[in-house]
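*Asks:* First, the structure itself, so that you have it in front of you.
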Amino acid sequence: MSRAAALVGVASGAAAVAYVLYSHGRRILPTIPTTVKLLPNGTFGSEALATSATLALEGTLVICTQNLAVSGANQVLLNLVEGGMWTGSIVLLSPSVGPFGKEFADLGVSIYIGQIEELLERIRDVRVAVCNTIMTAHIVNKLTKHSIPTAWILHEWWPSGMLEEELAKRNDKNTTPEIVREALDGCPRVVSVCAAQQQLYKPGHGVVNFVGVPAPVVGWKIGAEPVTSRPITLLSLGIVCPRKNQHWAVQVFQAFAGARKDVRLIIVGARYVRDYEMEYVKKVKAAAEGDSRIEVHDVTSDVDQFYRRADVLLFT
């Protein structure tokens with residue numbers, strides 16, 4: 001993974017971790033640069049923390065996921081780890097095994113499959129926790145009751161009604177609107193990926209850190225197809241599912257492209273975990289069948305290879 005890609009999510013994680021440690025009177029070694037202001041609410045020096053070469057934290061950091069599937073949400077946690085902002089031990093908690101676990105293990109992260117109570121019985125020097133996605137709300141509440149500083153990164157846009165529907169699709173028995181509301185009110189730092197999401201959920205202690213593609217390092221496109229020898233490429237990157245409208249992307253692309261041969265659409269993110277996702281992948285592939293200008297690829301942790309081929313990012 002490129003250094004540029006590794007910085008995605010580090011600002012959110014580093015700033016959130018620094019805040020919850022500060023607000024709970026925990027130690028940060030060495031002292032955070034004086035240019036960084038840690039405030040109970042609002043914006044603080046996430047960029048300075050993410051780019052600091054001296055920030056070091058001790059003890060154990062616990063990162064909590066809803067699963068270990070290959071996903072953009074889990075990639076944010078991986079970027080946080082790869083960014084090197086925590087120098088103590090790191091343990092990842094997941095309720096189930098999955099292919100993305102190898103990515104964390106390769107970075108030296110210990111992986112524990114089970115429940116948060118079991119993990120806390122085994123590890124007694126937990127300094128801070130980072131929970132990821134709305135489906136970890138129940139873990140946020142338990143960590144808060146244990147007085148463990150916790151940052152919670154939200155990725156979803158699920159208003160009332162849609163929240164219940166999406167949880168039912170995933171057969172999630174741990175999360176309810178009431179549990180989510182308790183976590184939003186009690187978590188010391190809730191990280192939203194945009195201001196509109198923060199307005200939707202209205203956390204008690206929230207901050208906005210935008211998620212996006214960072215400025216690339218020099219030479220990141222080395223090895224890419226020359227522009228003169230390939231078609232203009234539109235890239236749709238994300239889990240293939242109804243919420244992300246890749247089927248519509250295929251239809252729009254075909255209407256736009258007509259009979260042109262100098263354009264192509266690359267869709268990355270086909271996953272075969274949940275029934276409704278598998279059905280939707282079939283629908284997208286059926287719409288693209290017979291059109292050699294459209295490619296559908298499985299989920300991958302190596303997204304740089306597709307960014308190198310892209311001229312336009314397509315969001316639907």
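Scheme for the structure tokens: letters A, B, ... for chains in order shown; per-chain residue numbers from 1; ligand numbers from 1 in order shown.
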List the spatial neighbours of Val97 (chain A) as a PyMOL selection string - criterion: any atom at most 10 Å away, only C-alpha atoms, same-chain residues fewer than 4 positions off excluded.

*Replies:* chain A and resi 67-69+101-102+111-114

*Asks:* Among region 158-218 of chain A, which residues does DSSP mark as alpha helix (DSSP H) when it is run on the backbone? Keep the chain and numbering as in the structure and answer as a ChimeraX atom specification.

*Replies:* /A:162-169,177-186,195-201

*Asks:* When you draw a straight line from CA of Gly290 (chain A) to CA of Phe306 (chain A), how long is it in Å?

*Replies:*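 According to the coordinates, CA of Gly290 (chain A) and CA of Phe306 (chain A) are separated by 21.8 Å.
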
*Asks:* For region 87-90 of chain A, please output as a PyMOL selection string all residues within 7 Å (counting only C-alpha atoms; exclusion window: fewer than 3 positions along the same chain).

*Replies:* chain A and resi 56-62+84+109-110

*Asks:* Looking at only C-alpha atoms, which of A:Lys173, A:Lys202, A:Arg309, A:Lys285 is the one that sits closest to Ile232 (chain A)?

*Replies:* A:Arg309

*Asks:* For Val303 (chain A), which of A:Pro226, A:Gly72, A:Pro177, A:Gly98 is the closest residue, counting only C-alpha atoms?

*Replies:*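 Smallest separation from Val303 (chain A) among the options: A:Gly72.
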
*Asks:* If DSSP is run on the backbone, what residues of region 161-305 of chain A are strand (DSSP E or B)? A reply as JSON, numbers by chain would be ideal.

*Replies:* {"A": [189, 190, 191, 192, 206, 207, 208, 232, 233, 234, 235, 236, 237, 263, 264, 265, 266, 267, 268, 269, 270, 294, 295, 296, 297, 298]}

*Asks:* Please write the residues from the selection above to a file, keeping N, CA, C and O atoms, as a short mmCIF file (atom, residue, chain, number, x, y, z; two decimals), in the first residue's frame.

*Replies:*
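Written out: result_39.cif:
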data_model
loop_
_atom_site.label_atom_id
_atom_site.label_comp_id
_atom_site.auth_asym_id
_atom_site.auth_seq_id
_atom_site.Cartn_x
_atom_site.Cartn_y
_atom_site.Cartn_z
N ARG A 189 -15.93 10.51 22.03
CA ARG A 189 -15.62 11.11 20.74
C ARG A 189 -16.23 10.27 19.63
O ARG A 189 -15.86 9.11 19.44
N VAL A 190 -17.18 10.86 18.91
CA VAL A 190 -17.82 10.22 17.77
C VAL A 190 -17.31 10.93 16.51
O VAL A 190 -17.48 12.13 16.35
N VAL A 191 -16.67 10.17 15.63
CA VAL A 191 -16.08 10.73 14.41
C VAL A 191 -17.04 10.51 13.25
O VAL A 191 -17.37 9.37 12.92
N SER A 192 -17.48 11.60 12.64
CA SER A 192 -18.32 11.53 11.44
C SER A 192 -17.47 11.84 10.22
O SER A 192 -16.51 12.61 10.29
N GLY A 206 -19.01 15.09 19.25
CA GLY A 206 -18.65 14.71 17.88
C GLY A 206 -17.62 15.60 17.24
O GLY A 206 -17.38 16.73 17.66
N VAL A 207 -16.98 15.06 16.22
CA VAL A 207 -16.04 15.80 15.40
C VAL A 207 -16.16 15.27 13.98
O VAL A 207 -16.50 14.10 13.77
N VAL A 208 -15.91 16.13 13.01
CA VAL A 208 -15.98 15.74 11.60
C VAL A 208 -14.56 15.63 11.05
O VAL A 208 -13.76 16.55 11.18
N ILE A 232 -10.51 6.14 -21.84
CA ILE A 232 -10.85 6.98 -20.68
C ILE A 232 -11.58 6.09 -19.68
O ILE A 232 -12.55 5.42 -20.02
N THR A 233 -11.11 6.09 -18.43
CA THR A 233 -11.58 5.10 -17.46
C THR A 233 -12.33 5.76 -16.32
O THR A 233 -11.82 6.65 -15.64
N LEU A 234 -13.57 5.29 -16.11
CA LEU A 234 -14.38 5.70 -14.96
C LEU A 234 -14.29 4.59 -13.92
O LEU A 234 -14.45 3.41 -14.25
N LEU A 235 -14.05 4.96 -12.66
CA LEU A 235 -13.88 3.98 -11.59
C LEU A 235 -14.97 4.16 -10.54
O LEU A 235 -15.17 5.25 -10.00
N SER A 236 -15.68 3.06 -10.25
CA SER A 236 -16.66 3.01 -9.16
C SER A 236 -16.11 2.05 -8.11
O SER A 236 -16.03 0.85 -8.35
N LEU A 237 -15.73 2.59 -6.96
CA LEU A 237 -15.04 1.81 -5.94
C LEU A 237 -15.87 1.75 -4.67
O LEU A 237 -16.21 2.77 -4.09
N VAL A 263 -13.97 4.57 -24.05
CA VAL A 263 -14.30 4.73 -22.63
C VAL A 263 -14.53 3.36 -22.02
O VAL A 263 -14.88 2.39 -22.72
N ARG A 264 -14.32 3.27 -20.71
CA ARG A 264 -14.62 2.03 -20.00
C ARG A 264 -15.03 2.35 -18.57
O ARG A 264 -14.71 3.41 -18.03
N LEU A 265 -15.74 1.41 -17.96
CA LEU A 265 -16.19 1.53 -16.57
C LEU A 265 -15.62 0.35 -15.79
O LEU A 265 -15.81 -0.81 -16.17
N ILE A 266 -14.93 0.65 -14.69
CA ILE A 266 -14.41 -0.39 -13.80
C ILE A 266 -15.15 -0.30 -12.47
O ILE A 266 -15.13 0.75 -11.81
N ILE A 267 -15.80 -1.38 -12.10
CA ILE A 267 -16.51 -1.47 -10.81
C ILE A 267 -15.73 -2.42 -9.92
O ILE A 267 -15.47 -3.57 -10.29
N VAL A 268 -15.34 -1.95 -8.74
CA VAL A 268 -14.56 -2.76 -7.80
C VAL A 268 -15.31 -2.86 -6.49
O VAL A 268 -15.69 -1.83 -5.91
N GLY A 269 -15.54 -4.08 -6.01
CA GLY A 269 -16.20 -4.23 -4.71
C GLY A 269 -17.21 -5.35 -4.62
O GLY A 269 -18.01 -5.38 -3.69
N ALA A 270 -17.20 -6.29 -5.58
CA ALA A 270 -18.13 -7.43 -5.49
C ALA A 270 -17.74 -8.31 -4.30
O ALA A 270 -16.60 -8.75 -4.19
N ILE A 294 -17.08 -2.77 -19.76
CA ILE A 294 -17.39 -2.75 -18.33
C ILE A 294 -16.73 -3.93 -17.64
O ILE A 294 -16.88 -5.08 -18.06
N GLU A 295 -15.99 -3.65 -16.56
CA GLU A 295 -15.34 -4.68 -15.76
C GLU A 295 -15.92 -4.65 -14.35
O GLU A 295 -16.13 -3.58 -13.78
N VAL A 296 -16.17 -5.84 -13.78
CA VAL A 296 -16.63 -5.95 -12.39
C VAL A 296 -15.62 -6.81 -11.64
O VAL A 296 -15.40 -7.97 -11.99
N HIS A 297 -15.00 -6.23 -10.60
CA HIS A 297 -13.95 -6.91 -9.85
C HIS A 297 -14.39 -7.14 -8.40
O HIS A 297 -15.20 -6.39 -7.86
N ASP A 298 -13.82 -8.17 -7.79
CA ASP A 298 -14.10 -8.47 -6.39
C ASP A 298 -13.45 -7.43 -5.48
O ASP A 298 -12.58 -6.66 -5.90
#

*Asks:* Nearest to Leu77 (chain A): which of A:Met278, A:Leu154, A:Leu184, A:Met135 is it, counting only C-alpha atoms?

*Replies:*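 Nearest to Leu77 (chain A): A:Leu154.
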
*Asks:* Applying 12 Å and only C-alpha atoms, which residues near Asn171 (chain A) remain after dropping the ones on its own chain fewer than 6 positions away? List them as number ranges by chain.

*Replies:* A: 135, 164-165, 274-276

*Asks:* So that I have them on file, write out the residues from the current selection with N, CA, C and O atoms, as a compact mmCIF listing (two decimals), in the first residue's frame.

*Replies:*
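Dumped everything to selection33.txt:
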# COMPACT_ATOMS: atom_id res chain seq x y z
N MET A 135 -22.49 -0.66 13.80
CA MET A 135 -22.79 -1.96 14.38
C MET A 135 -21.95 -2.30 15.61
O MET A 135 -22.14 -3.35 16.22
N GLU A 164 -33.19 0.47 11.01
CA GLU A 164 -33.81 -0.81 11.35
C GLU A 164 -33.76 -1.79 10.17
O GLU A 164 -33.50 -2.98 10.34
N GLU A 165 -33.99 -1.26 8.97
CA GLU A 165 -33.99 -2.10 7.77
C GLU A 165 -32.61 -2.70 7.51
O GLU A 165 -32.48 -3.89 7.22
N ARG A 274 -23.19 -11.65 2.17
CA ARG A 274 -24.62 -11.60 2.51
C ARG A 274 -25.45 -11.91 1.27
O ARG A 274 -25.09 -11.55 0.15
N ASP A 275 -26.60 -12.54 1.48
CA ASP A 275 -27.44 -12.97 0.36
C ASP A 275 -27.84 -11.80 -0.53
O ASP A 275 -27.79 -11.89 -1.76
N TYR A 276 -28.27 -10.69 0.11
CA TYR A 276 -28.75 -9.58 -0.71
C TYR A 276 -27.62 -8.94 -1.51
O TYR A 276 -27.85 -8.41 -2.60
